[in-house]
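Peer 1: This one is structure.cif, mmCIF, C-alpha atoms.
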data_query
loop_
_atom_site.label_atom_id
_atom_site.label_comp_id
_atom_site.auth_asym_id
_atom_site.auth_seq_id
_atom_site.Cartn_x
_atom_site.Cartn_y
_atom_site.Cartn_z
CA MET A 261 9.50 -5.31 -17.54
CA GLN A 262 11.94 -7.93 -18.74
CA ASN A 263 10.52 -11.39 -18.88
CA SER A 264 12.01 -14.82 -18.68
CA SER A 265 10.09 -18.06 -18.71
CA SER A 266 11.11 -19.56 -15.35
CA PHE A 267 10.22 -18.64 -11.77
CA GLN A 268 12.57 -15.90 -10.67
CA LEU A 269 13.73 -14.70 -7.28
CA ASP A 270 15.29 -11.43 -8.43
CA ASP A 271 11.80 -9.88 -8.69
CA PHE A 272 11.30 -10.58 -4.99
CA ILE A 273 14.68 -9.09 -4.03
CA ALA A 274 14.12 -5.99 -6.21
CA GLY A 275 10.64 -5.61 -4.67
CA TRP A 276 12.20 -5.79 -1.21
CA ILE A 277 14.68 -2.98 -2.02
CA GLY A 278 11.94 -0.88 -3.66
CA GLY A 279 9.70 -1.38 -0.63
CA ALA A 280 12.35 -0.17 1.82
CA SER A 281 13.02 3.02 -0.13
CA SER A 282 9.33 3.82 -0.53
CA VAL A 283 8.62 3.43 3.21
CA VAL A 284 11.21 6.02 4.19
CA VAL A 285 9.81 8.44 1.59
CA GLY A 286 6.13 7.84 2.39
CA HIS A 287 5.82 7.18 6.12
CA PRO A 288 5.53 10.81 7.37
CA LEU A 289 2.53 11.41 5.07
CA ASP A 290 1.13 8.00 5.98
CA THR A 291 1.00 9.08 9.62
CA VAL A 292 -0.84 12.27 8.58
CA LYS A 293 -3.28 10.21 6.46
CA THR A 294 -4.09 7.80 9.31
CA ARG A 295 -4.61 10.62 11.83
CA LEU A 296 -6.91 12.47 9.37
CA GLN A 297 -8.97 9.35 8.59
CA ALA A 298 -9.30 7.83 12.03
CA GLY A 299 -8.34 10.59 14.48
CA LYS A 300 -10.16 13.59 15.87
CA GLY A 301 -9.46 17.29 16.18
CA TYR A 302 -7.70 17.94 12.88
CA LYS A 303 -9.28 20.58 10.62
CA ASN A 304 -7.35 19.74 7.44
CA THR A 305 -4.06 18.30 6.16
CA LEU A 306 -1.95 21.36 6.99
CA HIS A 307 -3.47 21.70 10.46
CA CYS A 308 -2.73 18.02 11.08
CA VAL A 309 0.91 18.39 9.93
CA LEU A 310 1.46 21.45 12.14
CA THR A 311 -0.25 19.82 15.16
CA ILE A 312 1.94 16.71 14.92
CA TYR A 313 5.06 18.85 14.49
CA ARG A 314 4.20 21.14 17.44
CA LYS A 315 3.22 18.37 19.85
CA GLU A 316 5.58 15.56 18.79
CA THR A 317 8.34 17.25 16.67
CA VAL A 318 9.75 15.52 13.58
CA SER A 319 9.85 12.12 15.29
CA GLY A 320 6.03 12.18 15.47
CA PHE A 321 5.88 11.69 11.70
CA PHE A 322 8.03 8.57 11.93
CA LYS A 323 5.98 6.99 14.72
CA GLY A 324 5.62 3.26 14.12
CA MET A 325 8.02 3.24 11.16
CA SER A 326 10.28 0.38 12.28
CA PHE A 327 7.44 -2.09 11.83
CA PRO A 328 6.41 -0.98 8.29
CA LEU A 329 10.09 -0.85 7.33
CA ALA A 330 10.56 -4.47 8.37
CA SER A 331 7.19 -5.67 7.09
CA ILE A 332 6.46 -3.56 3.98
CA THR A 333 9.79 -4.58 2.50
CA VAL A 334 8.63 -8.21 2.76
CA TYR A 335 5.11 -7.25 1.61
CA ASN A 336 6.37 -5.38 -1.48
CA SER A 337 8.74 -8.20 -2.21
CA VAL A 338 5.76 -10.59 -2.31
CA VAL A 339 3.63 -8.15 -4.36
CA PHE A 340 6.23 -7.49 -7.06
CA GLY A 341 7.62 -11.03 -7.08
CA PHE A 342 4.16 -12.57 -7.29
CA PHE A 343 2.96 -10.11 -9.95
CA SER A 344 5.98 -10.61 -12.22
CA ASN A 345 5.98 -14.39 -11.89
CA THR A 346 2.19 -14.55 -12.44
CA GLN A 347 2.64 -12.49 -15.62
CA ARG A 348 5.25 -14.95 -16.87
CA LEU A 349 3.06 -17.90 -15.94
CA ILE A 350 0.06 -16.43 -17.83
CA SER A 351 2.26 -15.71 -20.87
CA LYS A 352 3.66 -19.24 -20.82
CA TYR A 353 0.18 -20.75 -20.49
CA ARG A 354 -1.49 -18.51 -23.10
CA TYR A 355 1.28 -17.90 -25.64
CA GLY A 356 3.66 -20.78 -24.96
CA ASP A 357 6.45 -18.35 -24.01
CA GLY A 358 6.96 -16.64 -20.65
CA ARG A 359 8.75 -13.74 -22.37
CA HIS A 360 5.71 -12.87 -24.49
CA PRO A 361 4.37 -9.41 -23.45
CA CYS A 362 1.10 -9.57 -21.52
CA GLY A 363 -2.08 -8.01 -22.92
CA LEU A 364 -4.35 -5.77 -20.82
CA LEU A 365 -6.58 -8.68 -19.82
CA ASP A 366 -3.57 -10.73 -18.68
CA LEU A 367 -2.29 -7.76 -16.67
CA THR A 368 -5.73 -7.30 -15.09
CA VAL A 369 -5.86 -10.95 -13.98
CA ALA A 370 -2.29 -10.82 -12.63
CA SER A 371 -3.06 -7.54 -10.76
CA MET A 372 -6.28 -8.87 -9.22
CA LEU A 373 -4.59 -12.06 -8.03
CA THR A 374 -1.75 -9.97 -6.59
CA GLY A 375 -4.27 -7.79 -4.73
CA LEU A 376 -5.94 -10.88 -3.27
CA VAL A 377 -2.67 -12.50 -2.16
CA SER A 378 -1.34 -9.22 -0.72
CA VAL A 379 -4.19 -8.99 1.81
CA GLY A 380 -3.07 -12.22 3.53
CA LEU A 381 0.17 -10.53 4.46
CA GLY A 382 -0.89 -6.88 4.36
CA ALA A 383 -3.95 -6.95 6.65
CA PRO A 384 -2.11 -7.76 9.92
CA VAL A 385 0.73 -5.37 8.96
CA ASP A 386 -1.69 -2.49 8.37
CA LEU A 387 -3.67 -3.27 11.51
CA VAL A 388 -0.59 -3.10 13.75
CA LYS A 389 0.70 0.03 11.98
CA ILE A 390 -2.65 1.81 12.45
CA ARG A 391 -3.03 0.80 16.10
CA LEU A 392 0.47 2.16 16.80
CA GLN A 393 -0.12 5.37 14.82
CA MET A 394 -3.38 6.05 16.67
CA GLN A 395 -1.67 6.04 20.07
CA THR A 396 -1.74 9.73 20.89
CA GLN A 397 -2.88 9.87 24.53
CA THR A 398 -3.02 6.38 26.02
CA ARG A 399 -0.19 3.93 25.43
CA LEU A 400 -1.87 0.56 25.05
CA TYR A 401 0.99 -1.03 23.15
CA ARG A 402 4.71 -0.82 23.85
CA GLY A 403 5.65 -1.68 20.27
CA PRO A 404 4.73 -3.88 17.29
CA ILE A 405 5.49 -7.24 18.94
CA HIS A 406 3.55 -6.30 22.09
CA CYS A 407 0.71 -5.05 19.88
CA ILE A 408 0.52 -8.36 17.94
CA SER A 409 0.58 -10.45 21.13
CA SER A 410 -2.10 -8.39 22.89
CA ILE A 411 -4.39 -8.47 19.81
CA LEU A 412 -3.94 -12.26 19.67
CA GLN A 413 -4.74 -12.53 23.38
CA THR A 414 -7.82 -10.29 23.36
CA GLU A 415 -9.25 -10.83 19.86
CA GLY A 416 -7.65 -14.06 18.62
CA LEU A 417 -6.20 -14.63 15.14
CA GLN A 418 -9.26 -13.09 13.45
CA GLY A 419 -8.48 -9.90 15.39
CA LEU A 420 -5.34 -9.47 13.27
CA TYR A 421 -7.51 -9.73 10.14
CA ARG A 422 -10.02 -7.12 11.22
CA GLY A 423 -10.74 -4.90 8.20
CA ALA A 424 -9.42 -7.53 5.76
CA GLY A 425 -12.72 -7.47 3.84
CA ALA A 426 -12.41 -3.72 3.31
CA MET A 427 -8.79 -4.27 2.34
CA ILE A 428 -9.82 -6.74 -0.41
CA LEU A 429 -12.29 -4.09 -1.68
CA ARG A 430 -9.39 -1.63 -1.71
CA ASP A 431 -6.56 -3.76 -3.07
CA VAL A 432 -8.08 -5.94 -5.79
CA PRO A 433 -9.21 -2.93 -7.89
CA GLY A 434 -6.34 -0.91 -6.36
CA TYR A 435 -3.62 -3.09 -7.88
CA VAL A 436 -5.39 -3.16 -11.25
CA LEU A 437 -5.28 0.66 -11.19
CA TYR A 438 -1.64 0.51 -10.11
CA PHE A 439 0.05 -1.89 -12.51
CA ILE A 440 -2.04 -1.12 -15.63
CA PRO A 441 -1.55 2.70 -15.66
CA TYR A 442 2.14 2.06 -14.90
CA THR A 443 2.47 -0.23 -17.93
CA ILE A 444 0.48 2.15 -20.18
CA PHE A 445 2.48 5.23 -19.10
CA CYS A 446 5.79 3.37 -19.50
CA ASN A 447 4.82 2.33 -23.03
CA LEU A 448 3.69 5.86 -23.90
CA LEU A 449 6.93 7.37 -22.61
CA LYS A 450 9.20 4.91 -24.44
CA PRO A 451 10.88 6.24 -27.61
CA ASP A 452 10.18 2.94 -29.41
CA ALA A 453 8.64 -0.47 -28.66
CA THR A 454 11.92 -2.37 -28.30
CA SER A 455 13.85 -0.04 -25.97
CA SER A 456 13.52 -0.18 -22.20
CA PRO A 457 12.08 2.95 -20.54
CA HIS A 458 14.39 5.72 -19.30
CA PRO A 459 14.69 6.03 -15.47
CA CYS A 460 12.85 9.40 -15.63
CA SER A 461 9.98 7.71 -17.49
CA ILE A 462 9.83 4.91 -14.90
CA TRP A 463 9.78 7.51 -12.10
CA LEU A 464 6.99 9.52 -13.75
CA ALA A 465 4.91 6.46 -14.75
CA GLY A 466 5.29 4.95 -11.26
CA GLY A 467 4.31 8.21 -9.57
CA LEU A 468 1.23 8.77 -11.73
CA ALA A 469 0.14 5.16 -11.26
CA GLY A 470 0.51 5.53 -7.50
CA SER A 471 -1.58 8.70 -7.38
CA ILE A 472 -4.35 7.21 -9.56
CA SER A 473 -4.45 3.99 -7.57
CA TRP A 474 -4.47 5.70 -4.17
CA VAL A 475 -7.08 8.36 -4.96
CA THR A 476 -9.54 5.80 -6.36
CA ALA A 477 -8.89 3.51 -3.38
CA THR A 478 -9.55 6.26 -0.78
CA PRO A 479 -13.20 5.37 0.09
CA ALA A 480 -12.28 1.71 0.77
CA ASP A 481 -9.14 2.90 2.56
CA VAL A 482 -11.19 5.10 4.94
CA VAL A 483 -13.44 2.15 5.82
CA LYS A 484 -10.40 -0.11 6.32
CA SER A 485 -8.61 2.46 8.55
CA ARG A 486 -11.72 2.89 10.70
CA MET A 487 -12.32 -0.84 11.02
CA GLN A 488 -8.69 -1.42 12.00
CA ALA A 489 -8.43 1.52 14.43
CA ASP A 490 -11.63 0.26 16.10
CA ALA A 491 -10.23 -1.59 19.13
CA GLN A 492 -11.90 -4.44 21.02
CA LEU A 493 -12.80 -2.50 24.19
CA GLN A 494 -14.85 0.32 22.72
CA ARG A 495 -15.87 -1.30 19.43
CA LYS A 496 -18.02 0.96 17.24
CA TYR A 497 -18.53 -1.03 14.03
CA GLY A 498 -20.21 -4.40 13.54
CA GLY A 499 -18.80 -4.89 10.05
CA ILE A 500 -17.97 -3.20 6.75
CA LEU A 501 -21.57 -2.24 5.91
CA HIS A 502 -22.23 -0.94 9.42
CA CYS A 503 -19.02 1.12 9.25
CA ILE A 504 -20.03 2.61 5.85
CA ILE A 505 -23.59 3.47 6.99
CA HIS A 506 -22.50 4.81 10.39
CA SER A 507 -19.74 6.97 8.86
CA TYR A 508 -22.13 8.28 6.19
CA LYS A 509 -24.92 9.09 8.67
CA THR A 510 -22.67 10.87 11.14
CA GLU A 511 -20.25 12.65 8.79
CA GLY A 512 -21.79 12.68 5.30
CA ALA A 513 -20.44 11.43 1.98
CA GLN A 514 -17.32 13.60 2.12
CA VAL A 515 -15.96 11.39 4.90
CA PHE A 516 -15.08 8.74 2.30
CA PHE A 517 -12.70 11.14 0.60
CA ARG A 518 -10.94 12.14 3.77
CA GLY A 519 -7.22 11.88 3.18
CA ALA A 520 -7.65 11.77 -0.63
CA SER A 521 -5.34 14.73 -1.17
CA VAL A 522 -2.74 13.20 1.19
CA ASN A 523 -3.11 9.91 -0.69
CA ALA A 524 -2.55 11.64 -4.04
CA ILE A 525 0.47 13.58 -2.79
CA ARG A 526 1.93 10.60 -0.90
CA GLY A 527 1.12 8.11 -3.66
CA PHE A 528 3.34 9.90 -6.16
CA PRO A 529 6.78 9.93 -4.46
CA MET A 530 6.20 6.54 -2.83
CA SER A 531 5.28 4.74 -6.03
CA ALA A 532 7.79 6.69 -8.12
CA THR A 533 10.54 5.62 -5.68
CA MET A 534 9.15 2.08 -5.48
CA PHE A 535 9.03 1.43 -9.24
CA LEU A 536 12.31 3.20 -9.99
CA THR A 537 14.26 1.31 -7.31
CA TYR A 538 12.56 -1.95 -8.34
CA GLU A 539 13.31 -1.59 -12.06
CA LEU A 540 16.89 -0.37 -11.53
CA SER A 541 17.59 -3.21 -9.05
CA LEU A 542 16.25 -5.69 -11.62
CA ARG A 543 18.46 -4.23 -14.33
CA PHE A 544 21.44 -4.47 -11.99
CA PHE A 545 20.75 -8.13 -11.09
CA ARG A 546 20.21 -9.10 -14.70
CA SER A 547 23.41 -7.43 -15.85
CA LEU A 548 25.50 -9.54 -13.45
#
Just give me the structure of the file as structure tokens.
Peer 2:
Amino acid sequence: MQNSSSFQLDDFIAGWIGGASSVVVGHPLDTVKTRLQAGKGYKNTLHCVLTIYRKETVSGFFKGMSFPLASITVYNSVVFGFFSNTQRLISKYRYGDGRHPCGLLDLTVASMLTGLVSVGLGAPVDLVKIRLQMQTQTRLYRGPIHCISSILQTEGLQGLYRGAGAMILRDVPGYVLYFIPYTIFCNLLKPDATSSPHPCSIWLAGGLAGSISWVTATPADVVKSRMQADAQLQRKYGGILHCIIHSYKTEGAQVFFRGASVNAIRGFPMSATMFLTYELSLRFFRSL
């Protein structure tokens, strides 16, 4: 990643473009993942895909996509913009130059802070997305705006942040295992230290990083999905610990790896698209 010492907006814009492209690529599998983790009646990934296709056709896979498209673009913009600017800030503070490459420790700190900040914006977004995706029989919500207003009316502001604790458990280590493998793979795939990585290398490094990050985050992701799908009226879980214990007692340890294969498969194209579009957009802006 190219560095410059001042605060920069182009990282945010490139993150926004990367976010939009990754949503279109990843949303169909995201719907499958949510149904597998929080729904009932699906035997496995393939059975889930075929059931959705038979009952709801292709449009079923894109259910609730308008909201992630509008929100994840903003979310990714914040994630990538914050991460890049935090890196520069750490470099400036530690080495006196924002362009100085970050060490692994610096990257870890920047990733963890990014994970923490991302939950503030990401928790309500994910909650609304999951509530809309879980609408198979009864239509409680007409759309994202109606969903937000009814959650605010019935559960208050904290209702929008239901599952935020599980999301912190997922995203703080999740982003460390996202940005660090990406940086390591990019460096490994570069012909020499001074050149910038080839687009194919960025695509591969981004995809591998996405798969690693998503697979390791699956147990926390299952807990988060269940907490967020758990609506006010027929609430099942008292909190994170109760959700973990209840899920373990009723479905065994394997429940925490439900959707892991979907996460691995979905993580690759989404992150590959995300990083590639991000890096190429940055190169374009900086060549102007």
Peer 1: Given the file shown, enumerate the residues that the PyMOL selection byres ((chain A and resi 385) around 9) captures and present them as JSON, numbers by chain.
Peer 2: {"A": [327, 328, 331, 332, 335, 381, 382, 383, 384, 386, 387, 388, 389, 390, 420]}
Peer 1: Let me make sure I understand: among A:Pro457, A:Gly467, A:Pro433, A:Gly499, which one has the smallest atom-to-atom distance to Asn523 in chain A if we use all atoms listed in the file?
Peer 2: A:Gly467
Peer 1: Separation of CA of Trp463 in chain A and CA of Ser281 in chain A, in Å?
Peer 2: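 Going from CA of Trp463 in chain A over to CA of Ser281 in chain A, I get 13.2 Å.
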Peer 1: So which residues get picked by the PyMOL selection byres ((chain A and resi 273) around 10) here, written as a list in words?
Peer 2: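 Output from the PyMOL selection byres ((chain A and resi 273) around 10), applied to this file: Gln268, Leu269, Asp270, Asp271, Phe272, Ala274, Gly275, Trp276, Ile277, Gly278, Gly279, Thr333, Val334, Asn336, Ser337, Val338, Phe340, Gly341, Tyr538, Ser541, Leu542 and Phe545 of chain A.
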Peer 1: What is the CA of Met325 in chain A-CA of Thr291 in chain A distance in Å, reported with one decimal?
Peer 2: 9.3 Å
Peer 1: So the first atom is CA of Ser410 in chain A and the second is CA of Arg422 in chain A; what is the distance between them in Å, to one decimal place?
Peer 2: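 Computed distance, CA of Ser410 in chain A to CA of Arg422 in chain A, equals 14.2 Å.
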Peer 1: Quick one: apply the PyMOL selection byres ((chain A and resi 370) around 12) to the file and drop the selected residues here as a VMD selection string.
Peer 2: chain A and resid 339 to 351 362 to 369 371 to 377 432 to 433 435 to 440
Peer 1: Between A:Glu316, A:Asp431, A:Glu511, A:Glu415, single out the one closest to Gln297 in chain A, counting all atoms listed in the file.
Peer 2: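 Residue with the minimum atom-to-atom distance to Gln297 in chain A: A:Glu511.
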Peer 1: I want to know what sits within 9 Å of Pro529 in chain A, based on all atoms listed in the file, with residues of the same chain fewer than 2 positions away left out; could you give that as a compact mmCIF listing (two decimals) with C-alpha atoms, in the coordinates of the input?
Peer 2:
# COMPACT_ATOMS: atom_id res chain seq x y z
CA SER A 282 9.33 3.82 -0.53
CA VAL A 285 9.81 8.44 1.59
CA GLY A 286 6.13 7.84 2.39
CA TRP A 463 9.78 7.51 -12.10
CA GLY A 466 5.29 4.95 -11.26
CA GLY A 467 4.31 8.21 -9.57
CA GLY A 470 0.51 5.53 -7.50
CA SER A 471 -1.58 8.70 -7.38
CA ILE A 525 0.47 13.58 -2.79
CA ARG A 526 1.93 10.60 -0.90
CA GLY A 527 1.12 8.11 -3.66
CA SER A 531 5.28 4.74 -6.03
CA ALA A 532 7.79 6.69 -8.12
CA THR A 533 10.54 5.62 -5.68
CA MET A 534 9.15 2.08 -5.48
Peer 1: Can you list every residue of range 281-399 of chain A that has an atom at most 10 Å from range 474-482 of chain A, with its nearest atom pair and the distance in Å to one decimal, using only C-alpha atoms, ordered by chain then number, as a tab-separated table?
Peer 2:
residue	atom	partner	partner_atom	distance
A:Lys293	CA	A:Val482	CA	9.5
A:Thr294	CA	A:Val482	CA	8.8
A:Leu296	CA	A:Val482	CA	9.6
A:Gln297	CA	A:Val482	CA	6.0
A:Ala298	CA	A:Val482	CA	7.8
Peer 1: How big is the axis-aligned box around the listed atoms of range 424-436 of chain A once 3 Å is added on each side, and where is its centre? Give both in Å to one decimal, as lines of an AutoDock Vina configuration file.
Peer 2:
center_x = -8.2
center_y = -4.2
center_z = -2.7
size_x = 15.1
size_y = 12.6
size_z = 23.0
Peer 1: Taking (-13.6, 9.7, 6.8) in the file's own coordinates, collect the residues within 12 Å, counting all atoms listed in the file, and hand them back as a PyMOL selection string.
Peer 2: chain A and resi 293-300+302+304+478-487+503-520
Peer 1: Pick out the closest residue to Phe267 in chain A from this set: A:Arg391, A:Arg495, A:Arg430, A:Arg359. Count all atoms listed in the file.
Peer 2: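 Answer, going by the shortest atom-to-atom distance: A:Arg359.
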Peer 1: Select, from A:Ala491, A:Leu448, A:Gly416, A:Gly380, the residue with the minimum atom-to-atom distance to Leu400 in chain A, counting only C-alpha atoms.
Peer 2: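 The answer is A:Ala491, which sits nearest to Leu400 in chain A.
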Peer 1: Identify which of the residues A:Ala330, A:Gly324, A:Leu468, A:Tyr313 lies closest to Tyr401 in chain A, counting all atoms listed in the file when measuring atom-to-atom distances.
Peer 2: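 Of all the options, A:Gly324 lies closest to Tyr401 in chain A.
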Peer 1: Restricting the calculation to all atoms listed in the file, which member of A:Pro459, A:Pro404, A:Pro441, A:Gly498 is positioned closest to Leu392 in chain A?
Peer 2: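 Closest residue, counting all atoms listed in the file: A:Pro404.
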